[in-house]
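This is data18.cif (mmCIF, C-alpha atoms).
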data_query
#
loop_
_atom_site.label_atom_id
_atom_site.label_comp_id
_atom_site.auth_asym_id
_atom_site.auth_seq_id
_atom_site.Cartn_x
_atom_site.Cartn_y
_atom_site.Cartn_z
CA MET A 1 0.00 0.00 0.00
CA ILE A 2 2.83 2.39 0.93
CA ASP A 3 4.74 1.51 -2.25
CA PHE A 4 1.59 2.18 -4.27
CA PHE A 5 1.18 5.63 -2.70
CA PHE A 6 4.78 6.69 -3.31
CA GLY A 7 4.48 5.40 -6.87
CA LEU A 8 1.80 7.98 -7.63
CA PRO A 9 2.70 11.30 -9.32
CA VAL A 10 3.81 14.00 -6.90
CA PRO A 11 0.79 16.29 -7.59
CA VAL A 12 -1.55 13.38 -6.82
CA GLN A 13 0.33 12.66 -3.59
CA ALA A 14 0.05 16.31 -2.58
CA LEU A 15 -3.69 16.32 -3.35
CA LEU A 16 -4.29 13.18 -1.29
CA LYS A 17 -2.28 14.60 1.61
CA GLY A 18 -4.31 17.80 1.48
CA ILE A 19 -7.59 15.86 1.51
CA ALA A 20 -6.30 13.79 4.44
CA VAL A 21 -5.45 16.93 6.44
CA ILE A 22 -8.87 18.48 5.80
CA GLY A 23 -10.62 15.16 6.50
CA VAL A 24 -8.93 14.86 9.91
CA ILE A 25 -8.66 18.44 11.17
CA PHE A 26 -12.16 19.59 10.19
CA PRO A 27 -14.01 16.88 12.17
CA ILE A 28 -11.73 17.28 15.20
CA ALA A 29 -12.18 21.07 15.11
CA ALA A 30 -15.95 20.60 14.87
CA ALA A 31 -15.88 18.15 17.78
CA CYS A 32 -13.86 20.68 19.79
CA SER A 33 -16.64 23.26 19.35
CA MET A 34 -19.11 20.81 20.91
CA ALA A 35 -16.62 19.72 23.58
CA GLU A 36 -16.10 23.38 24.49
CA ARG A 37 -19.76 23.67 25.46
CA LYS A 38 -19.76 20.35 27.31
CA VAL A 39 -16.69 21.36 29.33
CA CYS A 40 -18.29 24.73 30.03
CA ALA A 41 -21.47 23.00 31.21
CA TRP A 42 -19.48 20.59 33.39
CA ILE A 43 -17.56 23.41 35.07
CA GLN A 44 -20.68 25.53 35.58
CA SER A 45 -22.88 22.59 36.67
CA ARG A 46 -25.21 22.77 33.66
CA SER A 47 -26.41 20.10 31.25
CA GLY A 48 -24.94 21.59 28.07
CA PRO A 49 -26.21 20.84 24.54
CA ASN A 50 -28.61 17.88 24.79
CA ARG A 51 -31.70 18.71 22.71
CA ALA A 52 -30.67 18.54 19.06
CA LEU A 53 -32.08 15.41 17.37
CA PRO A 54 -32.84 15.19 13.64
CA PRO A 55 -36.34 13.70 13.18
CA ILE A 56 -35.12 11.26 10.52
CA PHE A 57 -32.78 9.66 13.11
CA ALA A 58 -35.19 9.67 16.06
CA TRP A 59 -36.34 6.10 15.39
CA ILE A 60 -32.81 4.62 15.55
CA PRO A 61 -32.13 2.73 18.84
CA GLY A 62 -29.61 4.64 20.93
CA ALA A 63 -30.31 8.00 19.26
CA GLY A 64 -31.55 9.34 22.58
CA ILE A 65 -28.21 8.58 24.23
CA LEU A 66 -26.37 10.43 21.48
CA GLN A 67 -28.84 13.28 21.90
CA ARG A 68 -28.10 13.62 25.62
CA LEU A 69 -24.38 13.54 24.87
CA GLY A 70 -24.82 16.38 22.40
CA VAL A 71 -23.46 14.50 19.39
CA TRP A 72 -26.29 15.64 17.09
CA GLN A 73 -25.42 19.25 17.92
CA LEU A 74 -22.51 18.99 15.47
CA MET A 75 -24.90 18.24 12.61
CA ALA A 76 -27.20 21.06 13.67
CA ASP A 77 -24.35 23.58 13.81
CA GLY A 78 -22.92 22.47 10.47
CA GLY A 79 -26.29 22.73 8.76
CA LYS A 80 -26.94 26.15 10.25
CA PHE A 81 -23.61 27.59 9.12
CA VAL A 82 -23.82 26.12 5.61
CA PHE A 83 -27.44 27.04 4.81
CA LYS A 84 -27.77 30.30 6.74
CA GLU A 85 -27.94 33.46 4.62
CA GLU A 86 -24.51 35.01 4.12
CA PRO A 87 -24.46 38.68 5.17
CA LEU A 88 -22.43 41.06 3.01
CA PRO A 89 -22.57 44.62 4.41
CA ASP A 90 -22.45 47.44 1.88
CA HIS A 91 -19.69 49.36 3.64
CA VAL A 92 -17.04 46.60 3.58
CA ASN A 93 -14.27 46.00 1.08
CA LYS A 94 -15.94 42.96 -0.47
CA LEU A 95 -12.84 41.28 -1.93
CA TYR A 96 -10.74 41.32 1.24
CA TYR A 97 -13.78 40.79 3.44
CA THR A 98 -14.43 37.50 1.66
CA LEU A 99 -10.76 36.59 1.44
CA ALA A 100 -9.99 36.96 5.17
CA PRO A 101 -11.66 33.69 6.37
CA VAL A 102 -9.83 31.75 3.63
CA VAL A 103 -6.51 33.29 4.68
CA ALA A 104 -7.24 32.14 8.25
CA MET A 105 -7.61 28.53 7.13
CA VAL A 106 -4.43 28.22 5.06
CA PRO A 107 -1.76 28.59 7.81
CA ALA A 108 -3.84 26.53 10.25
CA PHE A 109 -3.96 23.58 7.87
CA THR A 110 -0.45 24.00 6.43
CA THR A 111 1.35 23.65 9.77
CA VAL A 112 -0.15 20.18 10.25
CA THR A 113 2.03 18.84 7.44
CA VAL A 114 5.33 19.25 9.34
CA VAL A 115 4.09 17.98 12.72
CA PRO A 116 4.80 14.24 13.31
CA PHE A 117 1.62 12.49 14.44
CA GLY A 118 3.09 9.09 15.32
CA ALA A 119 5.80 6.56 14.54
CA TYR A 120 6.27 2.94 13.58
CA LEU A 121 9.01 0.37 14.15
CA GLY A 122 11.29 -0.13 11.17
CA PRO A 123 14.01 -2.74 10.63
CA GLY A 124 15.97 -3.49 13.79
CA GLY A 125 13.37 -1.81 16.00
CA ARG A 126 14.29 1.66 14.74
CA VAL A 127 11.51 4.19 15.36
CA ILE A 128 10.51 5.98 12.14
CA PRO A 129 8.27 9.08 12.53
CA LEU A 130 4.99 9.47 10.67
CA ALA A 131 4.60 12.91 9.11
CA LEU A 132 3.33 14.32 5.84
CA ALA A 133 6.59 16.28 5.54
CA ASN A 134 9.31 15.14 7.95
CA VAL A 135 11.64 18.10 7.46
CA ASP A 136 14.70 19.16 9.47
CA ILE A 137 13.26 22.64 10.02
CA GLY A 138 10.06 21.37 11.62
CA ILE A 139 9.66 23.84 14.50
CA LEU A 140 10.90 26.74 12.35
CA ALA A 141 8.30 25.90 9.70
CA VAL A 142 5.57 25.80 12.37
CA PHE A 143 6.53 29.22 13.72
CA ALA A 144 6.96 30.77 10.28
CA VAL A 145 3.67 29.55 8.81
CA ALA A 146 1.54 29.83 11.95
CA SER A 147 2.51 33.48 12.40
CA LEU A 148 0.92 34.24 9.02
CA GLY A 149 -2.50 33.48 10.49
CA VAL A 150 -2.63 36.89 12.16
CA TYR A 151 -2.88 38.50 8.72
CA SER A 152 -6.39 37.09 8.39
CA LEU A 153 -7.47 38.90 11.57
CA ILE A 154 -5.83 42.13 10.42
CA LEU A 155 -7.42 41.75 6.99
CA ALA A 156 -10.84 41.04 8.47
CA GLY A 157 -10.64 44.04 10.77
CA TRP A 158 -9.45 46.41 8.04
CA ALA A 159 -11.83 45.14 5.33
CA SER A 160 -14.84 45.48 7.66
CA ASN A 161 -14.39 49.28 7.48
CA SER A 162 -15.57 49.61 11.07
CA LYS A 163 -13.71 50.88 14.12
CA TYR A 164 -14.27 47.93 16.47
CA PRO A 165 -13.15 45.21 14.03
CA PHE A 166 -10.17 47.39 13.09
CA LEU A 167 -9.13 47.71 16.75
CA GLY A 168 -9.47 43.93 17.08
CA GLY A 169 -7.09 43.43 14.15
CA VAL A 170 -4.56 45.88 15.63
CA ARG A 171 -4.73 44.06 18.96
CA ALA A 172 -4.14 40.73 17.23
CA SER A 173 -0.93 41.97 15.58
CA ALA A 174 0.38 43.53 18.80
CA GLN A 175 -0.37 40.39 20.80
CA LEU A 176 1.33 38.14 18.24
CA ILE A 177 4.54 40.20 18.31
CA SER A 178 4.51 40.38 22.10
CA TYR A 179 4.26 36.65 22.77
CA GLU A 180 5.97 35.10 19.75
CA LEU A 181 9.35 36.31 21.01
CA SER A 182 8.84 34.53 24.33
CA MET A 183 7.59 31.38 22.60
CA VAL A 184 10.66 31.13 20.36
CA LEU A 185 13.06 31.79 23.25
CA ALA A 186 11.29 29.10 25.31
CA VAL A 187 12.05 26.32 22.81
CA LEU A 188 15.69 27.30 22.19
CA PRO A 189 16.97 25.44 25.30
CA VAL A 190 15.23 22.28 24.05
CA PHE A 191 17.09 22.33 20.74
CA LEU A 192 20.37 23.35 22.40
CA TRP A 193 20.11 20.18 24.47
CA VAL A 194 18.96 17.97 21.60
CA ASN A 195 21.72 19.09 19.21
CA GLU A 196 24.65 17.64 21.12
CA PRO A 197 28.23 18.30 20.00
CA GLY A 198 29.21 15.90 17.23
CA THR A 199 25.66 15.41 15.96
CA ALA A 200 24.04 16.89 12.86
CA GLY A 201 22.15 20.05 13.77
CA THR A 202 18.40 19.87 13.26
CA LEU A 203 15.15 21.59 14.24
CA SER A 204 13.09 18.44 13.69
CA LEU A 205 10.30 17.75 16.15
CA ALA A 206 10.83 14.01 15.65
CA ARG A 207 14.42 14.44 16.87
CA VAL A 208 13.11 15.98 20.11
CA VAL A 209 10.88 12.95 20.72
CA GLU A 210 13.77 10.64 19.87
CA PHE A 211 15.93 12.40 22.47
CA GLN A 212 13.21 11.91 25.11
CA SER A 213 13.20 8.18 24.23
CA ARG A 214 16.81 7.53 25.27
CA PRO A 215 17.75 5.50 28.36
CA GLY A 216 18.70 7.32 31.54
CA PHE A 217 17.13 10.28 33.32
CA TRP A 218 18.76 13.01 31.24
CA GLY A 219 17.67 11.31 28.04
CA GLY A 220 14.42 9.57 28.89
CA ALA A 221 12.86 12.29 31.04
CA TRP A 222 10.32 14.49 29.36
CA PHE A 223 11.38 18.09 28.91
CA LEU A 224 8.41 19.10 31.07
CA LEU A 225 10.40 17.65 33.98
CA THR A 226 13.86 18.90 33.02
CA MET A 227 12.78 22.29 31.59
CA PRO A 228 9.63 23.31 33.50
CA VAL A 229 10.16 27.05 32.97
CA SER A 230 10.42 26.58 29.19
CA ALA A 231 7.23 24.52 29.25
CA LEU A 232 5.41 27.16 31.31
CA VAL A 233 6.49 30.06 29.09
CA PHE A 234 5.62 28.10 25.93
CA ALA A 235 2.18 27.18 27.31
CA VAL A 236 1.32 30.77 28.28
CA ALA A 237 2.55 32.08 24.92
CA LEU A 238 0.52 29.36 23.18
CA PHE A 239 -2.65 30.64 24.86
CA ALA A 240 -1.88 34.14 23.61
CA GLU A 241 -0.89 33.03 20.09
CA THR A 242 -4.15 31.10 19.63
CA ASN A 243 -6.24 33.98 21.07
CA ARG A 244 -7.67 31.79 23.79
CA GLN A 245 -9.09 33.27 26.96
CA PRO A 246 -7.76 34.92 29.07
CA PHE A 247 -5.82 36.32 26.07
CA ASP A 248 -8.69 36.74 23.56
CA MET A 249 -8.08 40.47 23.11
CA PRO A 250 -8.87 40.54 19.33
CA GLU A 251 -12.50 39.50 19.98
CA SER A 252 -13.23 40.99 23.39
CA GLU A 253 -16.99 41.54 23.37
CA ALA A 254 -16.82 43.65 26.53
CA ASP A 255 -15.12 46.57 24.78
CA LEU A 256 -15.02 45.67 21.05
CA VAL A 257 -18.59 44.35 20.53
CA GLY A 258 -17.22 41.23 18.79
CA GLY A 259 -13.77 42.25 17.68
CA PHE A 260 -12.38 41.46 14.25
CA HIS A 261 -15.38 39.28 13.27
CA THR A 262 -18.13 41.75 14.27
CA GLU A 263 -19.31 42.16 10.67
CA TYR A 264 -19.16 38.43 9.86
CA GLY A 265 -21.83 35.75 10.08
CA ALA A 266 -22.85 32.28 8.90
CA PHE A 267 -20.21 30.20 7.13
CA LYS A 268 -17.53 32.92 6.96
CA TRP A 269 -17.78 33.43 10.71
CA SER A 270 -17.45 29.71 11.36
CA LEU A 271 -14.24 29.47 9.31
CA PHE A 272 -12.46 31.81 11.72
CA PHE A 273 -13.22 29.48 14.61
CA VAL A 274 -12.42 26.31 12.71
CA ALA A 275 -9.02 27.92 12.10
CA GLU A 276 -8.73 28.80 15.80
CA TYR A 277 -9.45 25.23 16.87
CA ALA A 278 -7.06 23.92 14.20
CA ASN A 279 -4.33 26.19 15.58
CA MET A 280 -5.14 24.94 19.05
CA ILE A 281 -4.85 21.32 17.89
CA VAL A 282 -1.49 21.94 16.19
CA GLY A 283 -0.22 23.93 19.18
CA SER A 284 -1.23 21.15 21.56
CA ALA A 285 0.54 18.59 19.35
CA VAL A 286 3.73 20.69 19.28
CA PHE A 287 3.59 21.08 23.08
CA ALA A 288 3.15 17.31 23.48
CA LEU A 289 6.09 16.61 21.14
CA LEU A 290 8.39 19.14 22.81
CA PHE A 291 7.58 18.66 26.48
CA LEU A 292 5.41 15.54 26.97
CA GLY A 293 7.49 12.88 25.24
CA GLY A 294 5.44 12.76 22.02
CA TRP A 295 4.38 9.17 21.36
CA ASN A 296 6.18 7.78 24.44
CA LEU A 297 3.56 6.73 26.99
CA PHE A 298 5.61 7.34 30.16
CA PRO A 299 8.89 9.13 30.96
CA GLY A 300 11.81 6.75 30.53
CA ILE A 301 9.75 4.22 28.55
CA SER A 302 10.08 4.64 24.80
CA LEU A 303 7.59 3.31 22.25
CA ALA A 304 10.00 0.56 21.17
CA ARG A 305 10.58 -0.48 24.79
CA LEU A 306 6.85 -0.46 25.54
CA LEU A 307 5.96 -2.66 22.56
CA GLY A 308 8.96 -4.90 23.22
CA GLY A 309 7.78 -5.37 26.82
CA LEU A 310 4.28 -6.27 25.66
CA HIS A 311 5.83 -8.76 23.23
CA HIS A 312 7.78 -10.43 26.03
CA LEU A 313 4.76 -10.52 28.36
CA THR A 314 2.26 -11.94 25.88
CA GLY A 315 4.49 -13.65 23.35
CA TRP A 316 2.49 -12.04 20.54
CA ALA A 317 4.60 -10.85 17.65
CA LEU A 318 1.63 -8.70 16.65
CA TRP A 319 2.80 -5.95 19.03
CA LEU A 320 5.91 -5.41 16.90
CA HIS A 321 3.99 -5.13 13.62
CA PRO A 322 4.53 -1.70 12.02
CA LEU A 323 0.77 -1.10 11.69
CA VAL A 324 0.13 -1.85 15.38
CA ALA A 325 3.07 0.30 16.44
CA GLY A 326 1.84 3.15 14.25
CA LEU A 327 -1.70 3.01 15.60
CA ALA A 328 -0.42 2.80 19.19
CA SER A 329 1.82 5.84 18.71
CA ILE A 330 -0.99 7.84 17.12
CA ALA A 331 -3.34 6.92 19.99
CA ILE A 332 -0.77 7.94 22.63
CA LEU A 333 -0.03 11.30 20.99
CA LEU A 334 -3.72 11.96 20.32
CA GLY A 335 -4.49 11.28 23.99
CA LYS A 336 -1.93 13.89 25.05
CA VAL A 337 -3.27 16.37 22.50
CA LEU A 338 -6.85 15.92 23.73
CA ALA A 339 -5.71 16.30 27.35
CA THR A 340 -3.94 19.55 26.45
CA ILE A 341 -7.03 20.81 24.59
CA PHE A 342 -9.10 20.03 27.70
CA VAL A 343 -6.72 22.27 29.71
CA PHE A 344 -7.28 25.02 27.11
CA MET A 345 -11.03 24.76 27.64
CA TRP A 346 -10.73 24.43 31.40
CA ILE A 347 -8.70 27.63 31.63
CA ARG A 348 -11.17 29.47 29.38
CA TRP A 349 -14.11 28.82 31.69
CA THR A 350 -12.13 29.34 34.89
CA VAL A 351 -9.91 32.42 34.46
CA PRO A 352 -11.50 35.78 33.59
CA ARG A 353 -10.28 37.76 30.58
CA PHE A 354 -7.31 40.06 31.18
CA ARG A 355 -7.37 43.73 30.31
CA TYR A 356 -5.42 44.75 27.23
CA ASP A 357 -2.78 46.62 29.25
CA GLN A 358 -2.35 43.55 31.48
CA VAL A 359 -1.79 41.34 28.45
CA MET A 360 0.90 43.68 27.09
CA ARG A 361 2.56 44.05 30.50
CA LEU A 362 2.63 40.30 31.05
CA GLY A 363 4.18 39.70 27.63
CA TRP A 364 6.89 42.37 27.68
CA GLN A 365 7.68 42.88 31.37
CA LYS A 366 7.23 39.37 32.78
CA LEU A 367 7.31 36.62 30.16
CA LEU A 368 10.06 37.98 27.90
CA PRO A 369 12.62 38.63 30.70
CA LEU A 370 11.79 35.22 32.19
CA SER A 371 12.37 33.46 28.86
CA ILE A 372 15.68 35.31 28.34
CA ALA A 373 16.88 34.39 31.85
CA ASN A 374 15.77 30.79 31.29
CA LEU A 375 17.70 30.64 28.01
CA ILE A 376 20.88 32.00 29.60
CA ALA A 377 20.64 29.59 32.55
CA TYR A 378 20.13 26.53 30.36
CA THR A 379 22.82 27.61 27.91
CA ILE A 380 25.37 27.66 30.75
CA GLY A 381 24.00 24.45 32.30
CA ILE A 382 23.98 22.51 28.99
CA ALA A 383 27.50 23.68 28.19
CA LEU A 384 28.72 22.37 31.59
CA LEU A 385 26.86 19.05 31.26
CA GLN A 386 28.08 18.38 27.70
CA ARG A 387 31.70 19.33 28.39
#

Could you render the structure from this file as structure tokens?
Amino acid sequence: MIDFFFGLPVPVQALLKGIAVIGVIFPIAAACSMAERKVCAWIQSRSGPNRALPPIFAWIPGAGILQRLGVWQLMADGGKFVFKEEPLPDHVNKLYYTLAPVVAMVPAFTTVTVVPFGAYLGPGGRVIPLALANVDIGILAVFAVASLGVYSLILAGWASNSKYPFLGGVRASAQLISYELSMVLAVLPVFLWVNEPGTAGTLSLARVVEFQSRPGFWGGAWFLLTMPVSALVFAVALFAETNRQPFDMPESEADLVGGFHTEYGAFKWSLFFVAEYANMIVGSAVFALLFLGGWNLFPGISLARLLGGLHHLTGWALWLHPLVAGLASIAILLGKVLATIFVFMWIRWTVPRFRYDQVMRLGWQKLLPLSIANLIAYTIGIALLQR
């Protein structure tokens, strides 16, 4: 099957990869929108969405259970956004107004291609990462492409030709600049440690997971344990970069009515939030790869060691099959991603929104000096350890 795929023309491979990305990210992003309301209801002791039930499915046994879980709400939301009348105000710049939601989707879906989503065991038990584009500049590509997403917010705010959306777009650009510096500085110690003297330099996310799979504490420990300050700074910056509360300044309804998307509705409006959830999914995956061991289930226990232990306990050679190893690695990483997304939602419905001046002060006066001090400390410490 793999040989057949790689035997196809390159444009066909690219098309199939694009369809695969859309086919995976869109449903997960849609499920996140429903999970957001269920988590909100759980935290606030409410029932959440539990009434939507298409009449044509009411006769199916078990449909009531799915109704109480809120599963049918996804179909209701999708139908509403697709078939609802599309507003097009007269005062907007129609070309850029329509283009802005599309621009939001492109970076969100492009970054998925360079993020490893699992691994399988090759010849000799060697762990081979699964990625649409396993490039050596993985984290650099994520930062470079993801930062382009802010242009959609700026474009939406400017094209709306209204003061509140415009202020939302300006806030989005200022917030991106403020926290992207801290985010980049937070991951530098990770790659300083991974790129040991005598090894080929790389910015690959798969290499970071491989380093956390080595025997011994300094190799097998997750970077969350050995670099907690880097993990904290990266997590806070990730909240700000994805415009999640308490950092959702570009769409603060308390002082900007609705922010950059005030003039949007129906399907165009929904695309902005599909892109936001897609960015949150990619950000959670990058956090899991950098600081939570990636597809390693526990600190100090690599995927190869885990499957080898299961093979010795059960005597089943099936555990070492590449397909089983690949599915197991995807399930482990997906579990960490979903747990991180749950934390995103938990924080949103627990911590109140910051003021704009507080967001700027936290980024420039607290987080940036902390990330610089953390980088200096780990640079000296890594140099002493690797001497």

d(atom CA of A:Trp193, atom CA of A:Ile376) in Å: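 One can read the atom CA of A:Trp193 to atom CA of A:Ile376 distance as 12.9 Å.
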
Proximity to A:Ala304 - best of A:Leu333, A:Ile19, A:Met227, A:Ile128, all atoms listed in the file: A:Ile128

For the file shown, what are the residues hit by the PyMOL selection byres ((chain A and resi 143) around 12), laid out as a PDB file with C-alpha atoms, keeping the file's coordinate frame?
ATOM      1  CA  PRO A 107      -1.760  28.590   7.810  1.00  0.00           C
ATOM      2  CA  ALA A 108      -3.840  26.530  10.250  1.00  0.00           C
ATOM      3  CA  THR A 110      -0.450  24.000   6.430  1.00  0.00           C
ATOM      4  CA  THR A 111       1.350  23.650   9.770  1.00  0.00           C
ATOM      5  CA  VAL A 112      -0.150  20.180  10.250  1.00  0.00           C
ATOM      6  CA  VAL A 114       5.330  19.250   9.340  1.00  0.00           C
ATOM      7  CA  VAL A 115       4.090  17.980  12.720  1.00  0.00           C
ATOM      8  CA  ILE A 137      13.260  22.640  10.020  1.00  0.00           C
ATOM      9  CA  GLY A 138      10.060  21.370  11.620  1.00  0.00           C
ATOM     10  CA  ILE A 139       9.660  23.840  14.500  1.00  0.00           C
ATOM     11  CA  LEU A 140      10.900  26.740  12.350  1.00  0.00           C
ATOM     12  CA  ALA A 141       8.300  25.900   9.700  1.00  0.00           C
ATOM     13  CA  VAL A 142       5.570  25.800  12.370  1.00  0.00           C
ATOM     14  CA  ALA A 144       6.960  30.770  10.280  1.00  0.00           C
ATOM     15  CA  VAL A 145       3.670  29.550   8.810  1.00  0.00           C
ATOM     16  CA  ALA A 146       1.540  29.830  11.950  1.00  0.00           C
ATOM     17  CA  SER A 147       2.510  33.480  12.400  1.00  0.00           C
ATOM     18  CA  LEU A 148       0.920  34.240   9.020  1.00  0.00           C
ATOM     19  CA  GLY A 149      -2.500  33.480  10.490  1.00  0.00           C
ATOM     20  CA  LEU A 176       1.330  38.140  18.240  1.00  0.00           C
ATOM     21  CA  TYR A 179       4.260  36.650  22.770  1.00  0.00           C
ATOM     22  CA  GLU A 180       5.970  35.100  19.750  1.00  0.00           C
ATOM     23  CA  LEU A 181       9.350  36.310  21.010  1.00  0.00           C
ATOM     24  CA  MET A 183       7.590  31.380  22.600  1.00  0.00           C
ATOM     25  CA  VAL A 184      10.660  31.130  20.360  1.00  0.00           C
ATOM     26  CA  LEU A 185      13.060  31.790  23.250  1.00  0.00           C
ATOM     27  CA  VAL A 187      12.050  26.320  22.810  1.00  0.00           C
ATOM     28  CA  LEU A 203      15.150  21.590  14.240  1.00  0.00           C
ATOM     29  CA  LEU A 238       0.520  29.360  23.180  1.00  0.00           C
ATOM     30  CA  GLU A 241      -0.890  33.030  20.090  1.00  0.00           C
ATOM     31  CA  ASN A 279      -4.330  26.190  15.580  1.00  0.00           C
ATOM     32  CA  VAL A 282      -1.490  21.940  16.190  1.00  0.00           C
ATOM     33  CA  GLY A 283      -0.220  23.930  19.180  1.00  0.00           C
ATOM     34  CA  VAL A 286       3.730  20.690  19.280  1.00  0.00           C
TER      35      VAL A 286
END

Residues within 12 Å of A:Phe117, only C-alpha atoms, excluding chain neighbours under 3 positions, as a ChimeraX atom specification: /A:21,24,112-114,120,128-134,205-206,209,281-282,284-286,288-289,294-296,326-337

The PyMOL selection byres ((chain A and resi 165) around 8) applied to the shown file, residues as a PyMOL selection string: chain A and resi 156-158+160-164+166-169+256+258-263

Selection result of the PyMOL selection byres ((chain A and resi 75) around 12) on this file, as a list in words: Pro27, Ala30, Ala31, Ser33, Met34, Ala52, Leu53, Pro54, Phe57, Leu66, Gln67, Gly70, Val71, Trp72, Gln73, Leu74, Ala76, Asp77, Gly78, Gly79, Lys80, Phe81 and Val82 of chain A

Atom-to-atom span, atom CA of A:Ala231 and atom CA of A:Phe291, Å: 6.5 Å

Atom-to-atom span, atom CA of A:Leu88 and atom CA of A:Glu276, Å: 22.4 Å

Using all atoms listed in the file: which of A:Gly220, A:Lys94, A:Ile43, A:Phe247 has the shortest distance to A:Gln358: A:Phe247

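The closest residue to A:Lys84, picked from A:Val208, A:Ala373, A:Ala266, A:Met360 and counting all atoms listed in the file, is A:Ala266.
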
Residue with smallest distance to A:Ala35 - pool A:Arg353, A:Val343, A:Leu367, A:Val127, counting all atoms listed in the file: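 Closest to A:Ala35, using all atoms listed in the file: A:Val343.
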
Expected axis-aligned box over every listed atom of stretch 64-75 of chain A, 5 Å added per side, centre plus edges in Å to one decimal, as AutoDock Vina command-line options:
--center_x -27.0 --center_y 13.9 --center_z 19.1 --size_x 19.0 --size_y 20.7 --size_z 23.0

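Minimum distance to A:Leu306 across A:Leu338, A:Ala325, A:Leu370, A:Met345 (counting only C-alpha atoms) occurs at A:Ala325.
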
Nearby residues (all atoms listed in the file) at most 9 Å from A:Tyr151, same-chain spacing under 5 positions excluded, as a PyMOL selection string: chain A and resi 100+103-104+156+169+172-173

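Distances from A:Ser45, A:Ser252, A:Asn374, A:Ser152 to A:Tyr97 were compared using only C-alpha atoms, and the smallest one belongs to A:Ser152.
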
Could you please fill out stretch 98-111 of chain A with N, CA and C atoms and send it back as a compact mmCIF listing (two decimals), in the coordinates of the input?
# COMPACT_ATOMS: atom_id res chain seq x y z
N THR A 98 -14.19 38.91 1.98
CA THR A 98 -14.43 37.50 1.66
C THR A 98 -13.15 36.68 1.74
N LEU A 99 -12.03 37.30 1.46
CA LEU A 99 -10.76 36.59 1.44
C LEU A 99 -10.23 36.27 2.84
N ALA A 100 -10.55 37.10 3.83
CA ALA A 100 -9.99 36.96 5.17
C ALA A 100 -10.24 35.58 5.81
N PRO A 101 -11.47 35.02 5.78
CA PRO A 101 -11.66 33.69 6.37
C PRO A 101 -10.85 32.60 5.67
N VAL A 102 -10.64 32.74 4.36
CA VAL A 102 -9.83 31.75 3.63
C VAL A 102 -8.38 31.85 4.06
N VAL A 103 -7.89 33.09 4.22
CA VAL A 103 -6.51 33.29 4.68
C VAL A 103 -6.32 32.69 6.07
N ALA A 104 -7.34 32.72 6.91
CA ALA A 104 -7.24 32.14 8.25
C ALA A 104 -7.06 30.63 8.20
N MET A 105 -7.67 29.98 7.20
CA MET A 105 -7.61 28.53 7.13
C MET A 105 -6.27 28.01 6.62
N VAL A 106 -5.63 28.74 5.72
CA VAL A 106 -4.43 28.22 5.06
C VAL A 106 -3.29 27.95 6.03
N PRO A 107 -2.85 28.91 6.87
CA PRO A 107 -1.76 28.59 7.81
C PRO A 107 -2.14 27.50 8.82
N ALA A 108 -3.41 27.52 9.25
CA ALA A 108 -3.84 26.53 10.25
C ALA A 108 -3.72 25.11 9.72
N PHE A 109 -4.01 24.91 8.43
CA PHE A 109 -3.96 23.58 7.87
C PHE A 109 -2.56 23.24 7.33
N THR A 110 -1.78 24.26 6.98
CA THR A 110 -0.45 24.00 6.43
C THR A 110 0.51 23.51 7.50
N THR A 111 0.42 24.05 8.72
CA THR A 111 1.35 23.65 9.77
C THR A 111 1.22 22.18 10.15
